[in-house]
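Pasting input21.pdb here (PDB, C-alpha atoms, pLDDT in the B column):
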ATOM      1  CA  MET A  68       5.203  15.186  -2.563  1.00 91.00           C
ATOM      2  CA  LYS A  69       3.335  13.712  -5.532  1.00 96.00           C
ATOM      3  CA  ILE A  70       1.468  10.546  -4.571  1.00 96.00           C
ATOM      4  CA  LEU A  71       0.468   7.644  -6.806  1.00 97.00           C
ATOM      5  CA  ILE A  72      -2.064   5.098  -5.512  1.00 97.00           C
ATOM      6  CA  LEU A  73      -1.957   1.774  -7.335  1.00 98.00           C
ATOM      7  CA  PHE A  74      -5.201   0.131  -6.305  1.00 97.00           C
ATOM      8  CA  ALA A  75      -5.596  -3.623  -6.764  1.00 97.00           C
ATOM      9  CA  HIS A  76      -8.819  -5.389  -5.814  1.00 94.00           C
ATOM     10  CA  PRO A  77     -10.250  -8.201  -7.964  1.00 92.00           C
ATOM     11  CA  ALA A  78     -13.711  -7.852  -6.396  1.00 89.00           C
ATOM     12  CA  PHE A  79     -13.995  -4.124  -5.858  1.00 83.00           C
ATOM     13  CA  GLU A  80     -17.750  -4.179  -6.370  1.00 83.00           C
ATOM     14  CA  ARG A  81     -18.020  -6.151  -3.108  1.00 81.00           C
ATOM     15  CA  SER A  82     -15.489  -4.091  -1.160  1.00 84.00           C
ATOM     16  CA  ARG A  83     -17.150  -1.892   1.409  1.00 91.00           C
ATOM     17  CA  VAL A  84     -13.858  -0.881   3.034  1.00 92.00           C
ATOM     18  CA  HIS A  85     -11.873   0.124  -0.053  1.00 94.00           C
ATOM     19  CA  ALA A  86     -14.867   1.780  -1.680  1.00 93.00           C
ATOM     20  CA  ARG A  87     -15.089   4.048   1.373  1.00 94.00           C
ATOM     21  CA  LEU A  88     -11.347   4.760   1.446  1.00 95.00           C
ATOM     22  CA  LEU A  89     -11.191   5.650  -2.236  1.00 93.00           C
ATOM     23  CA  LYS A  90     -14.287   7.834  -2.038  1.00 92.00           C
ATOM     24  CA  ALA A  91     -12.554   9.831   0.680  1.00 92.00           C
ATOM     25  CA  VAL A  92      -9.378  10.541  -1.299  1.00 92.00           C
ATOM     26  CA  ARG A  93     -10.446  10.670  -4.968  1.00 88.00           C
ATOM     27  CA  THR A  94     -10.621  14.455  -5.089  1.00 87.00           C
ATOM     28  CA  LEU A  95      -7.527  15.249  -3.025  1.00 90.00           C
ATOM     29  CA  PRO A  96      -5.019  17.441  -4.902  1.00 91.00           C
ATOM     30  CA  GLY A  97      -1.637  15.924  -5.701  1.00 88.00           C
ATOM     31  CA  ILE A  98      -2.998  12.354  -5.730  1.00 94.00           C
ATOM     32  CA  THR A  99      -3.048  10.112  -8.824  1.00 96.00           C
ATOM     33  CA  LEU A 100      -5.239   7.019  -8.567  1.00 96.00           C
ATOM     34  CA  ARG A 101      -4.898   4.019 -10.883  1.00 96.00           C
ATOM     35  CA  ASP A 102      -7.192   1.000 -10.594  1.00 96.00           C
ATOM     36  CA  LEU A 103      -5.027  -1.848 -11.866  1.00 97.00           C
ATOM     37  CA  TYR A 104      -7.888  -4.307 -12.397  1.00 97.00           C
ATOM     38  CA  GLU A 105      -9.683  -1.680 -14.436  1.00 95.00           C
ATOM     39  CA  GLU A 106      -6.571  -0.834 -16.449  1.00 97.00           C
ATOM     40  CA  TYR A 107      -5.496  -4.441 -17.032  1.00 97.00           C
ATOM     41  CA  PRO A 108      -8.465  -6.835 -16.829  1.00 96.00           C
ATOM     42  CA  ASP A 109      -6.509  -9.308 -18.962  1.00 97.00           C
ATOM     43  CA  PHE A 110      -3.325  -8.972 -16.814  1.00 97.00           C
ATOM     44  CA  ASP A 111      -1.419  -7.663 -19.845  1.00 97.00           C
ATOM     45  CA  VAL A 112       0.506  -5.025 -17.872  1.00 98.00           C
ATOM     46  CA  LEU A 113       2.446  -2.543 -20.015  1.00 98.00           C
ATOM     47  CA  PRO A 114       5.780  -1.516 -18.439  1.00 98.00           C
ATOM     48  CA  GLY A 115       6.237   1.248 -20.999  1.00 97.00           C
ATOM     49  CA  GLN A 116       2.964   2.806 -19.831  1.00 97.00           C
ATOM     50  CA  GLU A 117       3.561   2.363 -16.110  1.00 98.00           C
ATOM     51  CA  GLN A 118       7.200   3.392 -15.766  1.00 98.00           C
ATOM     52  CA  PRO A 119       6.806   7.036 -16.895  1.00 98.00           C
ATOM     53  CA  ILE A 120       3.956   7.426 -14.415  1.00 98.00           C
ATOM     54  CA  LEU A 121       6.123   6.111 -11.579  1.00 98.00           C
ATOM     55  CA  GLU A 122       8.930   8.479 -12.532  1.00 98.00           C
ATOM     56  CA  LYS A 123       6.609  11.477 -12.080  1.00 97.00           C
ATOM     57  CA  HIS A 124       5.661  10.589  -8.487  1.00 97.00           C
ATOM     58  CA  ASP A 125       7.525  10.644  -5.185  1.00 97.00           C
ATOM     59  CA  LEU A 126       5.425   8.186  -3.167  1.00 97.00           C
ATOM     60  CA  ILE A 127       3.954   4.984  -4.597  1.00 98.00           C
ATOM     61  CA  ILE A 128       1.166   3.398  -2.549  1.00 98.00           C
ATOM     62  CA  PHE A 129       0.000  -0.165  -3.079  1.00 98.00           C
ATOM     63  CA  GLN A 130      -3.593  -0.239  -1.842  1.00 97.00           C
ATOM     64  CA  HIS A 131      -5.104  -3.705  -1.614  1.00 96.00           C
ATOM     65  CA  PRO A 132      -6.826  -6.299   0.543  1.00 95.00           C
ATOM     66  CA  PHE A 133      -4.548  -8.731   2.340  1.00 93.00           C
ATOM     67  CA  TYR A 134      -4.935 -11.903   0.247  1.00 90.00           C
ATOM     68  CA  TRP A 135      -3.145 -15.072   1.348  1.00 92.00           C
ATOM     69  CA  TYR A 136      -0.669 -13.015   3.387  1.00 92.00           C
ATOM     70  CA  SER A 137       0.190 -10.910   0.356  1.00 94.00           C
ATOM     71  CA  GLY A 138      -1.498  -8.839  -2.348  1.00 95.00           C
ATOM     72  CA  PRO A 139      -3.851  -9.817  -5.186  1.00 96.00           C
ATOM     73  CA  ALA A 140      -2.398 -11.592  -8.211  1.00 96.00           C
ATOM     74  CA  LEU A 141      -2.436  -8.570 -10.509  1.00 97.00           C
ATOM     75  CA  LEU A 142      -0.268  -6.585  -8.108  1.00 97.00           C
ATOM     76  CA  LYS A 143       2.367  -9.335  -8.255  1.00 97.00           C
ATOM     77  CA  GLN A 144       2.074  -9.379 -12.046  1.00 98.00           C
ATOM     78  CA  TRP A 145       2.533  -5.604 -12.090  1.00 98.00           C
ATOM     79  CA  MET A 146       5.677  -5.887  -9.955  1.00 98.00           C
ATOM     80  CA  ASP A 147       7.084  -8.730 -12.069  1.00 97.00           C
ATOM     81  CA  LEU A 148       6.727  -6.785 -15.323  1.00 98.00           C
ATOM     82  CA  VAL A 149       7.162  -3.123 -14.383  1.00 98.00           C
ATOM     83  CA  LEU A 150      10.077  -3.305 -11.938  1.00 98.00           C
ATOM     84  CA  GLU A 151      12.541  -4.345 -14.623  1.00 97.00           C
ATOM     85  CA  HIS A 152      16.236  -5.061 -14.196  1.00 97.00           C
ATOM     86  CA  GLY A 153      18.213  -2.110 -15.467  1.00 97.00           C
ATOM     87  CA  TRP A 154      15.347   0.248 -14.740  1.00 98.00           C
ATOM     88  CA  ALA A 155      14.215  -0.364 -11.148  1.00 98.00           C
ATOM     89  CA  TYR A 156      17.184  -2.372  -9.880  1.00 97.00           C
ATOM     90  CA  GLY A 157      20.562  -3.714 -10.990  1.00 94.00           C
ATOM     91  CA  LYS A 158      23.689  -1.822 -11.965  1.00 89.00           C
ATOM     92  CA  ASP A 159      21.882   0.872 -13.957  1.00 93.00           C
ATOM     93  CA  GLY A 160      18.441   0.508 -12.377  1.00 95.00           C
ATOM     94  CA  VAL A 161      18.031   3.759 -10.482  1.00 97.00           C
ATOM     95  CA  ALA A 162      14.722   5.108 -11.833  1.00 97.00           C
ATOM     96  CA  LEU A 163      13.031   4.767  -8.434  1.00 98.00           C
ATOM     97  CA  GLN A 164      15.987   5.746  -6.277  1.00 97.00           C
ATOM     98  CA  GLY A 165      14.998   7.919  -3.315  1.00 97.00           C
ATOM     99  CA  LYS A 166      11.264   7.452  -3.830  1.00 98.00           C
ATOM    100  CA  TYR A 167       8.960   6.032  -1.157  1.00 97.00           C
ATOM    101  CA  LEU A 168       6.845   2.880  -1.142  1.00 98.00           C
ATOM    102  CA  MET A 169       3.896   2.347   1.185  1.00 97.00           C
ATOM    103  CA  GLN A 170       0.921  -0.003   1.508  1.00 97.00           C
ATOM    104  CA  VAL A 171      -2.690   0.586   2.477  1.00 96.00           C
ATOM    105  CA  ILE A 172      -4.127  -2.762   3.518  1.00 95.00           C
ATOM    106  CA  SER A 173      -7.411  -4.172   4.749  1.00 93.00           C
ATOM    107  CA  THR A 174      -7.363  -7.410   6.729  1.00 91.00           C
ATOM    108  CA  GLY A 175     -10.379  -9.615   7.350  1.00 87.00           C
ATOM    109  CA  GLY A 176      -8.972 -10.698  10.691  1.00 85.00           C
ATOM    110  CA  ASN A 177      -8.785  -8.454  13.733  1.00 82.00           C
ATOM    111  CA  ALA A 178      -5.684  -7.400  15.634  1.00 79.00           C
ATOM    112  CA  GLN A 179      -5.571 -10.512  17.813  1.00 83.00           C
ATOM    113  CA  ALA A 180      -5.551 -12.786  14.758  1.00 85.00           C
ATOM    114  CA  TYR A 181      -2.198 -11.337  13.694  1.00 85.00           C
ATOM    115  CA  THR A 182      -0.155 -12.169  16.777  1.00 84.00           C
ATOM    116  CA  ALA A 183       2.105 -15.090  17.724  1.00 85.00           C
ATOM    117  CA  GLU A 184      -0.797 -16.517  19.734  1.00 88.00           C
ATOM    118  CA  GLY A 185      -3.470 -15.633  17.188  1.00 87.00           C
ATOM    119  CA  HIS A 186      -4.987 -17.494  14.268  1.00 90.00           C
ATOM    120  CA  HIS A 187      -2.267 -16.500  11.792  1.00 89.00           C
ATOM    121  CA  GLY A 188       0.684 -16.898  14.156  1.00 89.00           C
ATOM    122  CA  HIS A 189       2.521 -13.762  13.002  1.00 86.00           C
ATOM    123  CA  ALA A 190       2.166  -9.987  12.845  1.00 86.00           C
ATOM    124  CA  VAL A 191       1.223  -8.474   9.479  1.00 87.00           C
ATOM    125  CA  HIS A 192       4.650  -6.847   9.555  1.00 86.00           C
ATOM    126  CA  ASP A 193       6.244 -10.290   9.166  1.00 89.00           C
ATOM    127  CA  PHE A 194       4.237 -11.084   6.040  1.00 93.00           C
ATOM    128  CA  LEU A 195       5.222  -7.794   4.379  1.00 94.00           C
ATOM    129  CA  LEU A 196       8.918  -8.664   4.177  1.00 95.00           C
ATOM    130  CA  PRO A 197       8.819  -9.253   0.367  1.00 96.00           C
ATOM    131  CA  TYR A 198       7.488  -5.721  -0.152  1.00 97.00           C
ATOM    132  CA  ARG A 199      10.018  -4.184   2.221  1.00 96.00           C
ATOM    133  CA  GLN A 200      12.850  -6.039   0.521  1.00 97.00           C
ATOM    134  CA  SER A 201      11.556  -5.096  -2.939  1.00 97.00           C
ATOM    135  CA  ALA A 202      11.650  -1.441  -1.952  1.00 97.00           C
ATOM    136  CA  LEU A 203      15.216  -1.866  -0.717  1.00 97.00           C
ATOM    137  CA  LEU A 204      16.268  -3.605  -3.946  1.00 97.00           C
ATOM    138  CA  CYS A 205      14.796  -0.702  -5.931  1.00 98.00           C
ATOM    139  CA  HIS A 206      16.679   1.850  -3.814  1.00 97.00           C
ATOM    140  CA  MET A 207      13.411   3.101  -2.303  1.00 98.00           C
ATOM    141  CA  HIS A 208      12.386   3.969   1.253  1.00 96.00           C
ATOM    142  CA  TYR A 209       9.650   1.752   2.700  1.00 96.00           C
ATOM    143  CA  LEU A 210       7.070   3.548   4.837  1.00 95.00           C
ATOM    144  CA  PRO A 211       5.017   1.575   7.388  1.00 93.00           C
ATOM    145  CA  PRO A 212       1.564   0.482   6.198  1.00 94.00           C
ATOM    146  CA  TYR A 213      -1.806   2.005   6.965  1.00 94.00           C
ATOM    147  CA  ILE A 214      -3.980  -0.925   8.023  1.00 92.00           C
ATOM    148  CA  VAL A 215      -7.735  -1.287   8.383  1.00 92.00           C
ATOM    149  CA  PRO A 216      -8.161  -4.428  10.519  1.00 89.00           C
ATOM    150  CA  GLY A 217     -11.250  -6.551  10.958  1.00 87.00           C
ATOM    151  CA  SER A 218     -12.750  -5.390   7.671  1.00 85.00           C
ATOM    152  CA  ALA A 219     -15.174  -8.309   7.563  1.00 83.00           C
ATOM    153  CA  HIS A 220     -17.181  -6.891  10.480  1.00 87.00           C
ATOM    154  CA  ILE A 221     -16.109  -3.265  10.811  1.00 87.00           C
ATOM    155  CA  ALA A 222     -18.846  -0.876  11.932  1.00 89.00           C
ATOM    156  CA  ASP A 223     -19.822   2.027   9.678  1.00 91.00           C
ATOM    157  CA  GLU A 224     -18.688   4.631  12.197  1.00 90.00           C
ATOM    158  CA  ASP A 225     -15.289   2.952  12.583  1.00 89.00           C
ATOM    159  CA  LEU A 226     -14.859   2.717   8.821  1.00 91.00           C
ATOM    160  CA  ALA A 227     -15.625   6.429   8.532  1.00 91.00           C
ATOM    161  CA  ARG A 228     -12.880   7.142  11.071  1.00 90.00           C
ATOM    162  CA  TYR A 229     -10.372   5.084   9.083  1.00 91.00           C
ATOM    163  CA  ALA A 230     -11.343   6.904   5.894  1.00 92.00           C
ATOM    164  CA  ASP A 231     -10.847  10.263   7.621  1.00 91.00           C
ATOM    165  CA  GLY A 232      -7.502   9.024   8.949  1.00 91.00           C
ATOM    166  CA  PHE A 233      -6.461   8.030   5.432  1.00 93.00           C
ATOM    167  CA  VAL A 234      -7.271  11.532   4.181  1.00 93.00           C
ATOM    168  CA  GLN A 235      -5.331  13.042   7.072  1.00 91.00           C
ATOM    169  CA  LEU A 236      -2.337  10.827   6.313  1.00 93.00           C
ATOM    170  CA  LEU A 237      -2.269  11.580   2.581  1.00 94.00           C
ATOM    171  CA  GLN A 238      -2.651  15.308   3.152  1.00 92.00           C
ATOM    172  CA  GLY A 239       0.230  15.273   5.624  1.00 91.00           C
ATOM    173  CA  LEU A 240       2.434  13.354   3.210  1.00 93.00           C
ATOM    174  CA  SER A 241       1.456  15.533   0.262  1.00 92.00           C
ATOM    175  CA  ASN A 242       2.219  18.831   1.987  1.00 92.00           C
ATOM    176  CA  ASN A 243       5.349  17.500   3.741  1.00 90.00           C
ATOM    177  CA  SER A 244       3.985  18.181   7.230  1.00 90.00           C
ATOM    178  CA  ILE A 245       4.767  14.600   8.313  1.00 90.00           C
ATOM    179  CA  ASP A 246       8.295  13.828   9.480  1.00 89.00           C
ATOM    180  CA  LEU A 247       9.183  10.871   7.256  1.00 91.00           C
ATOM    181  CA  LYS A 248      12.104   9.756   9.411  1.00 89.00           C
ATOM    182  CA  MET A 249       9.793   9.620  12.410  1.00 88.00           C
ATOM    183  CA  LEU A 250       7.156   7.786  10.369  1.00 89.00           C
ATOM    184  CA  MET A 251       9.667   5.138   9.288  1.00 90.00           C
ATOM    185  CA  ARG A 252      10.317   4.310  12.937  1.00 86.00           C
ATOM    186  CA  GLN A 253       6.656   3.396  13.502  1.00 85.00           C
ATOM    187  CA  PRO A 254       5.338  -0.145  12.906  1.00 83.00           C
ATOM    188  CA  GLU A 255       2.176   1.298  11.322  1.00 86.00           C
ATOM    189  CA  ALA A 256       1.132   4.604   9.809  1.00 88.00           C
ATOM    190  CA  ASN A 257      -2.093   4.315  11.843  1.00 82.00           C
ATOM    191  CA  MET A 258      -0.206   5.702  14.813  1.00 73.00           C
ATOM    192  CA  LEU A 259       0.020   9.126  13.165  1.00 69.00           C
ATOM    193  CA  THR A 260      -3.753   9.352  12.885  1.00 68.00           C
ATOM    194  CA  GLY A 261      -4.579   8.137  16.392  1.00 63.00           C
ATOM    195  CA  LEU A 262      -6.389   5.105  14.997  1.00 61.00           C
ATOM    196  CA  PRO A 263      -5.853   1.558  16.180  1.00 57.00           C
ATOM    197  CA  GLY A 264      -4.211  -0.827  13.775  1.00 56.00           C
ATOM    198  CA  LEU A 265      -2.695  -4.167  14.521  1.00 48.00           C
ATOM    199  CA  LEU A 266      -0.184  -4.929  17.207  1.00 40.00           C
ATOM    200  CA  PRO A 267       3.318  -3.410  16.919  1.00 44.00           C
ATOM    201  CA  ALA A 268       5.906  -5.325  14.956  1.00 45.00           C
ATOM    202  CA  PRO A 269       8.721  -7.070  16.811  1.00 41.00           C
ATOM    203  CA  PRO A 270      11.807  -4.918  17.526  1.00 42.00           C
ATOM    204  CA  ARG A 271      14.177  -4.660  14.573  1.00 43.00           C
TER     205      ARG A 271
END

As structure tokens - that is how I would like this structure written.
Amino acid sequence: MKILILFAHPAFERSRVHARLLKAVRTLPGITLRDLYEEYPDFDVLPGQEQPILEKHDLIIFQHPFYWYSGPALLKQWMDLVLEHGWAYGKDGVALQGKYLMQVISTGGNAQAYTAEGHHGHAVHDFLLPYRQSALLCHMHYLPPYIVPGSAHIADEDLARYADGFVQLLQGLSNNSIDLKMLMRQPEANMLTGLPGLLPAPPR
């Protein structure tokens, strides 16, 4: 499986969590990494440049901090322009059919904050509905997210464990040693690495 990571972070120079995750996977074989804010600092996303890259990969990963219950603005801009009608969806839009979409997310809040009783009142799973539905519209399979919770105060040793788990996950996906049907039944990809994430999503 060929994996494309589309990384979107408007303040990467201040990101301890994502800097550590990317450092861990930059040299992995079979992984293509694109920093969207580096590629498009003016937000002038080029569909003709992005679409051929997507066509060459089997798994597309959106890696980003969880901003306002969604992704950073450039990621939305990328989706608006690249996932065109007639290419990604619609009658003749089958370019992404059968591919996989996944997210790698950091949240400032801890697990308790993303519960019905917590500060945000919902599980992260609930806020990801637009991404899940976008994958469905584009005839893609949505894989559960890999989440690093509590990034505002995460200890160095815990961050190292999440980085190692990310490597383990990508290697398993790349060499097809992970059962994708089993993975799709999990609320979070964290469960495959033995790392805690957030609380399980409500039954579907």

- May I have the residues within 7 Å of range 91-101 of chain A as a ChimeraX atom specification, using all atoms listed in the file and disregarding those fewer than 6 positions away in the same chain? /A:69-74,230,234,241

Name all residues at most 12 Å from Tyr104 in chain A (count all atoms listed in the file; drop same-chain ones fewer than 2 positions away) and give them as a compact mmCIF listing (two decimals) with C-alpha atoms, in the coordinates of the input.
# COMPACT_ATOMS: atom_id res chain seq x y z
CA LEU A 73 -1.96 1.77 -7.34
CA PHE A 74 -5.20 0.13 -6.30
CA ALA A 75 -5.60 -3.62 -6.76
CA HIS A 76 -8.82 -5.39 -5.81
CA PRO A 77 -10.25 -8.20 -7.96
CA ALA A 78 -13.71 -7.85 -6.40
CA PHE A 79 -14.00 -4.12 -5.86
CA GLU A 80 -17.75 -4.18 -6.37
CA ARG A 101 -4.90 4.02 -10.88
CA ASP A 102 -7.19 1.00 -10.59
CA GLU A 106 -6.57 -0.83 -16.45
CA TYR A 107 -5.50 -4.44 -17.03
CA PRO A 108 -8.46 -6.84 -16.83
CA ASP A 109 -6.51 -9.31 -18.96
CA PHE A 110 -3.32 -8.97 -16.81
CA ASP A 111 -1.42 -7.66 -19.84
CA VAL A 112 0.51 -5.03 -17.87
CA HIS A 131 -5.10 -3.70 -1.61
CA PRO A 139 -3.85 -9.82 -5.19
CA ALA A 140 -2.40 -11.59 -8.21
CA LEU A 141 -2.44 -8.57 -10.51
CA LEU A 142 -0.27 -6.58 -8.11
CA GLN A 144 2.07 -9.38 -12.05
CA TRP A 145 2.53 -5.60 -12.09

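With distances restricted to all atoms listed in the file, A:Ala219 is the closest residue to Arg81 in chain A from A:Gln200, A:His192, A:Pro212, A:Ala219.
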
Do you know which residues are at most 8 Å from range 171-188 of chain A counting all atoms listed in the file, after dropping those on the same chain fewer than 2 positions away, and could you put them as a PDB file with C-alpha atoms, in the coordinates of the input?
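Writing done, so here's result.pdb:
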ATOM      1  CA  VAL A  84     -13.858  -0.881   3.034  1.00 92.00           C
ATOM      2  CA  HIS A  85     -11.873   0.124  -0.053  1.00 94.00           C
ATOM      3  CA  ILE A 128       1.166   3.398  -2.549  1.00 98.00           C
ATOM      4  CA  PHE A 129       0.000  -0.165  -3.079  1.00 98.00           C
ATOM      5  CA  GLN A 130      -3.593  -0.239  -1.842  1.00 97.00           C
ATOM      6  CA  HIS A 131      -5.104  -3.705  -1.614  1.00 96.00           C
ATOM      7  CA  PRO A 132      -6.826  -6.299   0.543  1.00 95.00           C
ATOM      8  CA  PHE A 133      -4.548  -8.731   2.340  1.00 93.00           C
ATOM      9  CA  MET A 169       3.896   2.347   1.185  1.00 97.00           C
ATOM     10  CA  ALA A 190       2.166  -9.987  12.845  1.00 86.00           C
ATOM     11  CA  VAL A 191       1.223  -8.474   9.479  1.00 87.00           C
ATOM     12  CA  PRO A 212       1.564   0.482   6.198  1.00 94.00           C
ATOM     13  CA  TYR A 213      -1.806   2.005   6.965  1.00 94.00           C
ATOM     14  CA  ILE A 214      -3.980  -0.925   8.023  1.00 92.00           C
ATOM     15  CA  VAL A 215      -7.735  -1.287   8.383  1.00 92.00           C
ATOM     16  CA  PRO A 216      -8.161  -4.428  10.519  1.00 89.00           C
ATOM     17  CA  GLY A 217     -11.250  -6.551  10.958  1.00 87.00           C
ATOM     18  CA  SER A 218     -12.750  -5.390   7.671  1.00 85.00           C
ATOM     19  CA  ALA A 219     -15.174  -8.309   7.563  1.00 83.00           C
ATOM     20  CA  HIS A 220     -17.181  -6.891  10.480  1.00 87.00           C
ATOM     21  CA  GLY A 264      -4.211  -0.827  13.775  1.00 56.00           C
ATOM     22  CA  LEU A 265      -2.695  -4.167  14.521  1.00 48.00           C
ATOM     23  CA  LEU A 266      -0.184  -4.929  17.207  1.00 40.00           C
TER      24      LEU A 266
END

- Message: Which residues, named as in the file, does the PyMOL selection byres ((chain A and resi 115) around 12) pick out? Answer as number ranges by chain.
- Response: A: 111-114, 116-122, 145, 148-151, 154

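Atom to atom, CA of Ser201 in chain A and CA of Glu105 in chain A stand 24.4 Å apart.
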
- Query: Pick the closest to His206 in chain A from A:Val161, A:Leu168, A:Ile127, A:Leu236: which is it, counting all atoms listed in the file?
  - Reply: A:Val161

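Minimum atom-to-atom distances from A:Gln235, A:Met251, A:Asn243, A:Asp125 to Arg199 in chain A were compared using all atoms listed in the file, and the lowest value belongs to A:Met251.
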
- Query: If you measure from CA of Ala162 in chain A to CA of Leu247 in chain A, what distance in Å do you get, rounded to one decimal?
  - Reply: 20.7 Å

- Message: Would you compute the distance between CA of Gly157 in chain A and CA of Leu195 in chain A? Give it in Å to one decimal.
- Response: 22.1 Å

Please enclose the listed atoms of range 202-209 of chain A in an axis-aligned box, pad each side by 3 Å, and write out the centre and the three edge lengths in Å, rounded to one decimal, as AutoDock Vina command-line options.
--center_x 13.2 --center_y 0.2 --center_z -1.6 --size_x 13.0 --size_y 13.6 --size_z 14.6

- Quick one: of A:Leu210, A:Ala202, A:Leu126, A:Ile221, who's nearest to Lys248 in chain A, counting only C-alpha atoms? A:Leu210

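Closest approach to Lys143 in chain A among A:Pro197, A:Ser244, A:Tyr156, A:Arg83 is made by A:Pro197 (distances from all atoms listed in the file).
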
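The smallest atom-to-atom distance between Pro211 in chain A and any of A:Gln238, A:Ser82, A:Gln164, A:Asn257, using only C-alpha atoms, is found for A:Asn257.
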
Assuming the input is short of atoms at range 155-161 of chain A, produce all heavy atoms for that part as a PDB file, keeping the file's coordinate frame.
ATOM      1  N   ALA A 155      14.542  -0.514 -12.564  1.00 98.00           N
ATOM      2  CA  ALA A 155      14.215  -0.364 -11.148  1.00 98.00           C
ATOM      3  C   ALA A 155      15.321  -0.879 -10.229  1.00 98.00           C
ATOM      4  O   ALA A 155      15.426  -0.444  -9.086  1.00 98.00           O
ATOM      5  CB  ALA A 155      12.910  -1.090 -10.826  1.00 98.00           C
ATOM      6  N   TYR A 156      16.108  -1.808 -10.706  1.00 97.00           N
ATOM      7  CA  TYR A 156      17.184  -2.372  -9.880  1.00 97.00           C
ATOM      8  C   TYR A 156      18.302  -2.859 -10.797  1.00 97.00           C
ATOM      9  O   TYR A 156      18.184  -2.814 -12.021  1.00 97.00           O
ATOM     10  CB  TYR A 156      16.665  -3.506  -8.992  1.00 97.00           C
ATOM     11  CG  TYR A 156      16.297  -4.770  -9.739  1.00 97.00           C
ATOM     12  CD1 TYR A 156      17.161  -5.853  -9.777  1.00 97.00           C
ATOM     13  CD2 TYR A 156      15.085  -4.875 -10.415  1.00 97.00           C
ATOM     14  CE1 TYR A 156      16.831  -7.013 -10.460  1.00 97.00           C
ATOM     15  CE2 TYR A 156      14.737  -6.032 -11.091  1.00 97.00           C
ATOM     16  CZ  TYR A 156      15.617  -7.099 -11.118  1.00 97.00           C
ATOM     17  OH  TYR A 156      15.284  -8.236 -11.797  1.00 97.00           O
ATOM     18  N   GLY A 157      19.403  -3.323 -10.202  1.00 94.00           N
ATOM     19  CA  GLY A 157      20.562  -3.714 -10.990  1.00 94.00           C
ATOM     20  C   GLY A 157      21.538  -2.560 -11.125  1.00 94.00           C
ATOM     21  O   GLY A 157      21.322  -1.464 -10.601  1.00 94.00           O
ATOM     22  N   LYS A 158      22.607  -2.805 -11.856  1.00 89.00           N
ATOM     23  CA  LYS A 158      23.689  -1.822 -11.965  1.00 89.00           C
ATOM     24  C   LYS A 158      23.201  -0.447 -12.408  1.00 89.00           C
ATOM     25  O   LYS A 158      23.599   0.579 -11.861  1.00 89.00           O
ATOM     26  CB  LYS A 158      24.747  -2.343 -12.939  1.00 89.00           C
ATOM     27  CG  LYS A 158      25.932  -1.403 -13.106  1.00 89.00           C
ATOM     28  CD  LYS A 158      26.944  -1.959 -14.090  1.00 89.00           C
ATOM     29  CE  LYS A 158      28.092  -0.978 -14.282  1.00 89.00           C
ATOM     30  NZ  LYS A 158      29.087  -1.489 -15.273  1.00 89.00           N
ATOM     31  N   ASP A 159      22.359  -0.414 -13.427  1.00 93.00           N
ATOM     32  CA  ASP A 159      21.882   0.872 -13.957  1.00 93.00           C
ATOM     33  C   ASP A 159      20.427   1.156 -13.608  1.00 93.00           C
ATOM     34  O   ASP A 159      19.822   2.083 -14.142  1.00 93.00           O
ATOM     35  CB  ASP A 159      22.051   0.902 -15.483  1.00 93.00           C
ATOM     36  CG  ASP A 159      23.500   0.741 -15.906  1.00 93.00           C
ATOM     37  OD1 ASP A 159      24.358   1.409 -15.318  1.00 93.00           O
ATOM     38  OD2 ASP A 159      23.768  -0.075 -16.817  1.00 93.00           O
ATOM     39  N   GLY A 160      19.851   0.355 -12.720  1.00 95.00           N
ATOM     40  CA  GLY A 160      18.441   0.508 -12.377  1.00 95.00           C
ATOM     41  C   GLY A 160      18.212   1.464 -11.228  1.00 95.00           C
ATOM     42  O   GLY A 160      18.086   1.048 -10.078  1.00 95.00           O
ATOM     43  N   VAL A 161      18.150   2.746 -11.533  1.00 97.00           N
ATOM     44  CA  VAL A 161      18.031   3.759 -10.482  1.00 97.00           C
ATOM     45  C   VAL A 161      16.822   4.669 -10.696  1.00 97.00           C
ATOM     46  O   VAL A 161      16.741   5.744 -10.105  1.00 97.00           O
ATOM     47  CB  VAL A 161      19.321   4.600 -10.382  1.00 97.00           C
ATOM     48  CG1 VAL A 161      20.489   3.741  -9.934  1.00 97.00           C
ATOM     49  CG2 VAL A 161      19.638   5.270 -11.730  1.00 97.00           C
TER      50      VAL A 161
END
